[in-house]
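Structure data follow from work-v8.cif (mmCIF, C-alpha atoms and all ligand atoms):
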data_my_file
#
loop_
_atom_site.label_atom_id
_atom_site.label_comp_id
_atom_site.auth_asym_id
_atom_site.auth_seq_id
_atom_site.Cartn_x
_atom_site.Cartn_y
_atom_site.Cartn_z
CA MET E 1 0.00 0.00 0.00
CA SER E 2 1.24 3.47 -0.78
CA THR E 3 1.20 6.57 1.35
CA LEU E 4 -1.51 9.00 0.29
CA LEU E 5 -1.16 11.73 2.92
CA SER E 6 1.82 12.70 5.07
CA PHE E 7 1.77 15.14 7.95
CA ARG E 8 5.22 16.43 8.88
CA ASP E 9 5.49 18.36 12.15
CA VAL E 10 2.10 19.96 11.61
CA TRP E 11 0.82 22.62 14.02
CA VAL E 12 -2.54 24.41 14.06
CA GLU E 13 -2.76 27.60 16.10
CA TYR E 14 -5.54 30.18 16.41
CA GLY E 15 -3.95 33.33 17.79
CA ASP E 16 -2.07 32.24 20.91
CA ARG E 17 -4.10 29.05 21.24
CA ILE E 18 -2.37 25.86 20.17
CA ILE E 19 -4.92 23.34 18.87
CA ILE E 20 -2.74 20.69 17.21
CA GLU E 21 0.94 20.28 17.95
CA LYS E 22 3.71 18.37 16.25
CA LEU E 23 1.51 16.00 14.30
CA ASN E 24 3.47 13.39 12.37
CA LEU E 25 1.35 10.90 10.53
CA GLU E 26 1.10 8.92 7.32
CA ILE E 27 -2.22 7.78 5.88
CA GLU E 28 -2.22 4.88 3.46
CA GLU E 29 -4.25 4.91 0.28
CA GLY E 30 -7.36 2.76 0.72
CA SER E 31 -7.39 2.87 4.51
CA PHE E 32 -10.44 3.67 6.64
CA VAL E 33 -9.15 5.84 9.47
CA SER E 34 -11.41 6.48 12.45
CA VAL E 35 -10.55 9.52 14.57
CA VAL E 36 -11.72 9.80 18.16
CA GLY E 37 -10.93 12.24 20.94
CA PRO E 38 -12.55 14.62 23.42
CA SER E 39 -14.68 17.51 22.30
CA GLY E 40 -12.51 20.46 21.30
CA ALA E 41 -9.43 18.29 20.73
CA GLY E 42 -9.08 19.52 17.15
CA LYS E 43 -10.69 16.65 15.21
CA SER E 44 -12.67 18.92 12.88
CA SER E 45 -9.60 21.15 12.48
CA PHE E 46 -7.67 18.04 11.43
CA LEU E 47 -10.29 17.28 8.75
CA ARG E 48 -10.20 20.90 7.54
CA LEU E 49 -6.45 20.52 7.05
CA ILE E 50 -7.00 17.50 4.82
CA LEU E 51 -9.81 19.27 3.01
CA GLY E 52 -7.43 22.16 2.37
CA GLN E 53 -9.87 24.65 3.88
CA GLU E 54 -7.15 25.66 6.27
CA GLY E 55 -3.38 25.51 6.05
CA PRO E 56 -1.19 24.47 8.98
CA SER E 57 0.44 27.28 11.01
CA GLN E 58 3.66 25.26 10.80
CA GLY E 59 4.70 22.08 9.06
CA THR E 60 3.81 20.42 5.77
CA ILE E 61 1.05 18.20 4.46
CA LEU E 62 1.82 16.12 1.41
CA MET E 63 -0.53 14.27 -0.89
CA ASP E 64 1.19 11.70 -3.11
CA GLY E 65 4.45 13.28 -1.98
CA ALA E 66 3.56 16.79 -3.23
CA PRO E 67 2.33 19.71 -1.10
CA LEU E 68 -1.43 19.50 -0.63
CA LYS E 69 -3.28 22.01 -2.78
CA PRO E 70 -5.43 24.31 -0.67
CA GLU E 71 -8.15 24.92 -3.23
CA CYS E 72 -11.38 23.03 -3.65
CA GLY E 73 -10.39 20.07 -5.80
CA PRO E 74 -12.08 16.96 -7.14
CA ASP E 75 -9.98 14.63 -5.00
CA ARG E 76 -11.63 15.34 -1.63
CA GLY E 77 -15.26 15.17 -0.54
CA VAL E 78 -16.75 15.89 2.89
CA VAL E 79 -19.89 15.00 4.89
CA PHE E 80 -20.82 16.75 8.15
CA GLN E 81 -23.19 15.64 10.88
CA ARG E 82 -25.81 18.08 9.60
CA TYR E 83 -26.31 20.86 7.08
CA SER E 84 -24.17 19.40 4.32
CA VAL E 85 -27.07 19.76 1.86
CA PHE E 86 -29.00 22.81 0.72
CA PRO E 87 -32.63 22.96 1.88
CA HIS E 88 -33.91 24.86 -1.15
CA LEU E 89 -32.64 22.31 -3.70
CA THR E 90 -33.96 18.86 -4.64
CA ALA E 91 -31.84 15.72 -4.14
CA LEU E 92 -30.82 15.83 -7.81
CA ARG E 93 -29.84 19.54 -7.71
CA ASN E 94 -27.95 19.04 -4.45
CA THR E 95 -25.97 16.21 -5.99
CA ILE E 96 -25.17 18.16 -9.15
CA LEU E 97 -23.95 20.95 -6.91
CA GLY E 98 -21.41 18.49 -5.50
CA MET E 99 -19.61 18.62 -8.83
CA GLU E 100 -18.93 22.31 -8.39
CA CYS E 101 -16.32 24.23 -6.52
CA GLU E 102 -17.39 27.32 -4.64
CA LYS E 103 -16.02 29.73 -7.18
CA ALA E 104 -16.64 27.75 -10.34
CA PRO E 105 -20.32 26.95 -10.80
CA VAL E 106 -20.75 24.07 -13.21
CA MET E 107 -24.44 24.00 -14.02
CA GLY E 108 -24.49 27.68 -14.92
CA ARG E 109 -21.95 26.96 -17.63
CA LEU E 110 -23.32 23.64 -18.84
CA PHE E 111 -25.77 23.32 -21.70
CA GLY E 112 -27.33 20.58 -23.76
CA SER E 113 -25.55 17.25 -23.67
CA ALA E 114 -23.00 18.31 -21.02
CA ARG E 115 -25.84 19.28 -18.73
CA ARG E 116 -27.62 16.00 -19.36
CA ALA E 117 -24.40 14.08 -18.67
CA ALA E 118 -23.99 15.86 -15.32
CA GLU E 119 -27.59 14.99 -14.43
CA GLU E 120 -27.04 11.39 -15.43
CA GLU E 121 -23.98 11.11 -13.19
CA ALA E 122 -25.89 12.64 -10.29
CA ARG E 123 -28.76 10.21 -10.87
CA GLU E 124 -26.36 7.24 -10.84
CA MET E 125 -24.76 8.45 -7.63
CA LEU E 126 -28.14 8.87 -5.95
CA THR E 127 -29.09 5.35 -7.00
CA ALA E 128 -25.81 4.03 -5.53
CA VAL E 129 -26.71 5.50 -2.12
CA GLY E 130 -30.29 4.19 -2.28
CA LEU E 131 -32.06 7.40 -3.30
CA GLY E 132 -32.86 6.46 -6.88
CA HIS E 133 -36.57 7.05 -6.25
CA SER E 134 -36.14 10.32 -4.37
CA LEU E 135 -34.51 12.53 -7.00
CA ASP E 136 -37.10 15.31 -6.74
CA LEU E 137 -37.53 15.37 -2.98
CA TYR E 138 -36.34 18.33 -0.93
CA PRO E 139 -34.27 17.68 2.23
CA ALA E 140 -37.23 18.65 4.46
CA GLN E 141 -39.22 15.81 2.85
CA MET E 142 -36.51 13.30 3.80
CA SER E 143 -35.66 11.43 7.01
CA GLY E 144 -32.33 12.12 8.73
CA GLY E 145 -30.86 8.94 7.24
CA MET E 146 -31.96 9.92 3.73
CA GLN E 147 -30.43 13.38 4.17
CA GLN E 148 -27.10 11.79 5.12
CA ARG E 149 -27.34 9.47 2.09
CA LEU E 150 -27.84 12.60 0.01
CA ALA E 151 -24.84 14.29 1.65
CA ILE E 152 -22.73 11.22 0.80
CA ALA E 153 -23.94 11.33 -2.83
CA GLN E 154 -23.07 15.03 -2.98
CA ALA E 155 -19.58 14.33 -1.62
CA LEU E 156 -18.90 11.34 -3.90
CA VAL E 157 -20.29 12.58 -7.21
CA LYS E 158 -16.94 14.18 -8.13
CA ARG E 159 -15.37 10.73 -7.64
CA PRO E 160 -12.95 11.91 -4.96
CA ARG E 161 -10.14 9.69 -3.70
CA ILE E 162 -10.60 10.84 -0.12
CA LEU E 163 -13.89 11.00 1.75
CA LEU E 164 -13.91 13.02 4.98
CA LEU E 165 -16.70 12.32 7.45
CA ASP E 166 -17.26 14.55 10.49
CA GLU E 167 -19.54 12.67 12.91
CA PRO E 168 -21.76 11.77 9.95
CA PHE E 169 -24.10 9.40 11.78
CA GLY E 170 -24.16 11.07 15.21
CA ALA E 171 -27.69 12.44 14.82
CA LEU E 172 -29.26 9.21 13.51
CA ASP E 173 -31.25 6.51 15.31
CA PRO E 174 -29.30 3.30 16.02
CA GLY E 175 -31.16 1.17 13.44
CA ILE E 176 -30.63 3.75 10.71
CA ARG E 177 -27.01 4.11 11.77
CA ALA E 178 -26.48 0.37 11.17
CA ASP E 179 -27.77 0.78 7.59
CA MET E 180 -25.43 3.72 7.08
CA HIS E 181 -22.48 1.64 8.35
CA LYS E 182 -23.18 -0.99 5.69
CA LEU E 183 -23.54 1.69 3.00
CA ILE E 184 -20.32 3.46 3.86
CA ARG E 185 -18.33 0.22 4.07
CA SER E 186 -19.59 -0.90 0.65
CA LEU E 187 -18.87 2.49 -0.95
CA TRP E 188 -15.40 2.42 0.60
CA ARG E 189 -14.68 -1.01 -0.90
CA GLU E 190 -16.33 -0.56 -4.29
CA ARG E 191 -14.83 2.86 -4.95
CA ALA E 192 -11.43 2.12 -3.38
CA LEU E 193 -11.79 5.24 -1.24
CA THR E 194 -9.55 6.47 1.53
CA ILE E 195 -11.85 7.49 4.38
CA VAL E 196 -11.08 9.63 7.41
CA MET E 197 -14.05 9.58 9.79
CA VAL E 198 -14.39 11.52 13.03
CA THR E 199 -16.81 9.92 15.46
CA HIS E 200 -17.84 10.13 19.12
CA ASP E 201 -18.96 6.51 18.99
CA ILE E 202 -16.01 4.33 20.01
CA ARG E 203 -17.77 1.17 18.89
CA GLU E 204 -18.39 2.66 15.45
CA ALA E 205 -14.74 3.75 15.28
CA PHE E 206 -13.47 0.22 15.93
CA MET E 207 -16.09 -1.52 13.83
CA LEU E 208 -15.64 0.48 10.64
CA GLY E 209 -12.01 1.57 10.75
CA THR E 210 -8.94 -0.27 9.53
CA ARG E 211 -7.10 2.03 11.92
CA VAL E 212 -8.19 4.08 14.93
CA LEU E 213 -6.43 7.32 15.87
CA ALA E 214 -7.03 9.06 19.18
CA LEU E 215 -6.32 12.79 19.18
CA ASP E 216 -5.67 14.35 22.57
CA LYS E 217 -3.23 16.52 24.48
CA ARG E 218 -0.15 14.75 25.78
CA ARG E 219 0.48 17.47 28.33
CA HIS E 220 -1.69 19.97 30.17
CA ASP E 221 -0.94 23.27 31.80
CA PRO E 222 -3.82 23.94 34.23
CA HIS E 223 -2.94 27.64 34.32
CA ALA E 224 -2.83 27.99 30.53
CA PRO E 225 -5.07 25.34 28.97
CA HIS E 226 -4.35 26.53 25.43
CA ARG E 227 -0.60 26.37 25.73
CA PHE E 228 -0.44 22.79 24.47
CA GLY E 229 -2.20 21.22 21.54
CA ALA E 230 -3.44 17.76 20.71
CA THR E 231 -1.61 15.12 18.74
CA VAL E 232 -2.05 11.40 18.03
CA VAL E 233 -1.88 9.65 21.41
CA TYR E 234 -3.02 6.20 20.21
CA ASP E 235 -2.68 4.68 16.77
CA LEU E 236 -4.32 1.25 16.63
CA PRO E 237 -4.31 -0.96 13.56
CA MET E 238 -7.49 -3.06 13.26
CA ARG E 239 -7.67 -6.54 11.84
CA GLU E 240 -9.55 -7.02 8.58
CA ARG E 241 -13.19 -7.56 9.45
CA PRO E 242 -15.59 -9.62 7.32
CA GLU E 243 -18.60 -7.59 6.17
CA GLU E 244 -21.11 -9.79 7.97
CA GLU E 245 -19.55 -8.81 11.29
CA ILE E 246 -20.36 -5.16 10.69
CA ASP E 247 -23.14 -4.16 13.03
CA GLU E 248 -23.72 -7.54 14.55
CA ALA E 249 -24.58 -6.80 18.11
CA GLY E 250 -21.73 -8.93 19.46
CA ILE E 251 -18.49 -8.05 21.10
CA ILE E 252 -15.70 -6.60 19.03
CA THR E 253 -12.27 -8.14 19.34
CA ILE E 254 -9.65 -5.48 19.38
CA ASP E 255 -6.09 -6.32 18.36
CA VAL E 256 -3.83 -3.90 20.08
CA ASN E 257 -0.64 -4.01 18.05
CA SER E 258 0.09 -0.36 18.49
CA ASN E 259 3.51 0.82 17.48
CA ASN E 260 3.30 3.60 20.02
N1 LIG E 301 -11.52 29.26 13.11
C1 LIG E 301 -11.25 29.14 14.43
N2 LIG E 301 -10.79 30.20 15.14
C2 LIG E 301 -10.51 30.09 16.45
N3 LIG E 301 -10.64 28.94 17.15
C3 LIG E 301 -11.10 27.87 16.51
C4 LIG E 301 -11.43 27.89 15.12
N4 LIG E 301 -11.86 26.66 14.75
C5 LIG E 301 -11.79 25.89 15.86
N5 LIG E 301 -11.34 26.61 16.91
C6 LIG E 301 -11.09 26.09 18.28
O1 LIG E 301 -10.20 25.01 18.14
C7 LIG E 301 -10.50 23.99 19.08
C8 LIG E 301 -10.67 22.68 18.34
O2 LIG E 301 -11.87 22.75 17.59
P1 LIG E 301 -12.38 21.53 16.70
O3 LIG E 301 -11.36 21.19 15.72
O4 LIG E 301 -13.72 21.92 16.19
O5 LIG E 301 -12.50 20.36 17.79
P2 LIG E 301 -13.31 18.98 17.76
O6 LIG E 301 -13.82 18.78 16.38
O7 LIG E 301 -12.32 17.94 18.20
O8 LIG E 301 -14.41 19.11 18.77
C9 LIG E 301 -11.76 24.44 19.82
O9 LIG E 301 -11.35 24.96 21.05
C10 LIG E 301 -12.33 25.52 18.92
O10 LIG E 301 -13.01 26.46 19.68
MG MG E 302 -15.73 18.58 15.59
#
Show me this structure written as structure tokens.
Ligand SMILES: Nc1ncnc2c1ncn2[C@@H]1O[C@H](COP(=O)(O)OP(=O)(O)O)[C@@H](O)[C@H]1O
Ligand SMILES: [Mg+2]
Amino acid sequence: MSTLLSFRDVWVEYGDRIIIEKLNLEIEEGSFVSVVGPSGAGKSSFLRLILGQEGPSQGTILMDGAPLKPECGPDRGVVFQRYSVFPHLTALRNTILGMECEKAPVMGRLFGSARRAAEEEAREMLTAVGLGHSLDLYPAQMSGGMQQRLAIAQALVKRPRILLLDEPFGALDPGIRADMHKLIRSLWRERALTIVMVTHDIREAFMLGTRVLALDKRRHDPHAPHRFGATVVYDLPMRERPEEEIDEAGIITIDVNSNN
């Protein structure tokens, strides 16, 4: 397996507050990395670094050995816990919008056959996430699970190599969450994606991930809580898990072969 992303001595600071310190990490192409850690540890900031929405205050991030491009590119897609989709657009329009970058609207410039091709791709993507019969529904007409399926379609329609998930299933009922686990695992396999998923649900982290990272502070200064940032405090490789084990109610065996 080859290295897709490398973090070299990466720091994230907001003013005099250190959020992430001295992060050194390699992420393999095709891995499913779960990220856990306390609230405020910097998990979403870590995803924003990969997304290129934010650059590190210090250090370098490489993708395929070259500095990560900060702009909105086709190689990265993202799904948040909520509000990834636009309420005033149908499922189909929302998905087409996923092909665009903020400053380069696609549909506005597409006519005729190009426009039809974009719609066809969006339709295929919606079918792949189980929304083939809901193309003309608005988000408000959809359940929470359907809205997250739509957000996944929107993120994947550009065919990105990396899918970033920020607590994507946190607001869903347990039964629906189990369906989403199966969906995300099958998309990961079929599309050979690299996934980085932040979750509060430890069980979900271990069940879905091929690797679990815990982000936290290694040191605390009680008089200056923002003096130190978080970094990877645990890095646990998971054994390969057969699909039928995903979401069976049983106990998860955890192989702790940490290098740390
Ligand atoms: N743009 C920003 N400016 C200032 N502080 C920020 C900004 N974004 C996040 N933070 C702060 O950085 C810390 C980490 O935030 P975040 O990455 O959202 O943590 P997590 O996702 O682990 O809960 C929090 O204390 C948050 O308030
Ligand atoms: Mg967060």
Of the candidates E:His226, E:Ala205, E:Glu240, E:Val85, which one gets nearest to Met142 in chain E if we count only C-alpha atoms?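 Using only C-alpha atoms, the shortest distance to Met142 in chain E belongs to E:Val85.
Between CA of Ser34 in chain E and CA of Lys69 in chain E the separation is 23.2 Å.
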Find the residue from E:Glu167, E:Gly52, E:Arg8, E:Ser143 that sits nearest to ligand MG 302 (chain E); use all atoms listed in the file when measuring.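 So, comparing all the options, the nearest one is E:Glu167.
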Around ligand MG 302 (chain E), out to 12 Å and counting all atoms listed in the file, which residues are there? I want them as a PyMOL selection string. chain E and resi 35-48+80-82+165-168+170+197-200+215
I'd like to know which of E:Asp221, E:Val79, E:Phe7, E:Val12 is closest to Phe169 in chain E, using only C-alpha atoms. E:Val79
Neighbouring residues of range 173-186 of chain E were defined as those with any atom within 8 Å, considering only C-alpha atoms; residues of the same chain fewer than 4 positions away were excluded. Please report them as a PyMOL selection string. chain E and resi 129+145+149+169+190+208+246-247
Measuring atom to atom with only C-alpha atoms and all ligand atoms, identify which of E:Ile61, E:Leu187, E:Leu23, E:Ala214 is nearest to ligand LIG 301 (chain E).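 Checking each of E:Ile61, E:Leu187, E:Leu23, E:Ala214 against ligand LIG 301 (chain E), counting only C-alpha atoms and all ligand atoms, the winner is E:Ala214.
Using all atoms listed in the file, the smallest distance between any of E:Ser31, E:Gln141, E:Thr60, E:Gln154 and Thr210 in chain E comes from E:Ser31.
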What is the distance, in Å and to one decimal place, between CA of Ile50 in chain E and CA of Gly73 in chain E?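 According to the coordinates, CA of Ile50 in chain E and CA of Gly73 in chain E are separated by 11.4 Å.
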Non-local contacts of Asp75 in chain E (10 Å; all atoms listed in the file; under 5 positions in same chain excluded) as a CSV table (one decimal) with C-alpha atoms, in the coordinates of the input:
chain,number,residue,atom,x,y,z
E,51,LEU,CA,-9.8,19.3,3.0
E,156,LEU,CA,-18.9,11.3,-3.9
E,158,LYS,CA,-16.9,14.2,-8.1
E,159,ARG,CA,-15.4,10.7,-7.6
E,160,PRO,CA,-13.0,11.9,-5.0
E,161,ARG,CA,-10.1,9.7,-3.7
E,162,ILE,CA,-10.6,10.8,-0.1
E,163,LEU,CA,-13.9,11.0,1.8
At most 10 Å from (-0.5, 25.1, 18.9), file frame, all atoms listed in the file: which residues, as a list in words? Val10, Trp11, Val12, Glu13, Tyr14, Gly15, Asp16, Arg17, Ile18, Ile19, Ile20, Glu21, Lys22, Pro56, Ser57, Gln58, His226, Arg227, Phe228, Gly229 and Ala230 of chain E
Export C-alpha atoms of the chosen residues as a CSV table (one decimal), keeping the file's coordinate frame?
chain,number,residue,atom,x,y,z
E,10,VAL,CA,2.1,20.0,11.6
E,11,TRP,CA,0.8,22.6,14.0
E,12,VAL,CA,-2.5,24.4,14.1
E,13,GLU,CA,-2.8,27.6,16.1
E,14,TYR,CA,-5.5,30.2,16.4
E,15,GLY,CA,-4.0,33.3,17.8
E,16,ASP,CA,-2.1,32.2,20.9
E,17,ARG,CA,-4.1,29.0,21.2
E,18,ILE,CA,-2.4,25.9,20.2
E,19,ILE,CA,-4.9,23.3,18.9
E,20,ILE,CA,-2.7,20.7,17.2
E,21,GLU,CA,0.9,20.3,18.0
E,22,LYS,CA,3.7,18.4,16.2
E,56,PRO,CA,-1.2,24.5,9.0
E,57,SER,CA,0.4,27.3,11.0
E,58,GLN,CA,3.7,25.3,10.8
E,226,HIS,CA,-4.4,26.5,25.4
E,227,ARG,CA,-0.6,26.4,25.7
E,228,PHE,CA,-0.4,22.8,24.5
E,229,GLY,CA,-2.2,21.2,21.5
E,230,ALA,CA,-3.4,17.8,20.7
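Taking CA of Ala192 in chain E and CA of Gly30 in chain E as the two end points, the separation is 5.8 Å.
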Min atom-atom distance to Glu124 in chain E from the set E:Leu4, E:Ile195, E:Leu92, E:Val33, counting only C-alpha atoms, belongs to E:Leu92
(-2.5, 9.2, 24.1) in this file's frame - what residues fall within 10 Å of it? Use all atoms listed in the file and give the answer as a list of chain:residue names. E:Gly37, E:Leu213, E:Ala214, E:Leu215, E:Asp216, E:Lys217, E:Arg218, E:Arg219, E:Ala230, E:Thr231, E:Val232, E:Val233, E:Tyr234, E:Asp235, E:Asn260
Spatial neighbours of Ala153 in chain E, max dist 6 Å, only C-alpha atoms, sep filter under 3 positions, as a list in words: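 Listed by chain and then number, they are Met125, Leu126, Leu150, Leu156 and Val157 of chain E.
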Taking all atoms of ligand LIG 301 (chain E) that the file lists, what box with edges along x, y and z, padded by 3 Å per side, do you get, with centre and edge lengths in Å to one decimal, as AutoDock Vina command-line options?
--center_x -12.3 --center_y 24.1 --center_z 17.1 --size_x 10.2 --size_y 18.3 --size_z 13.9
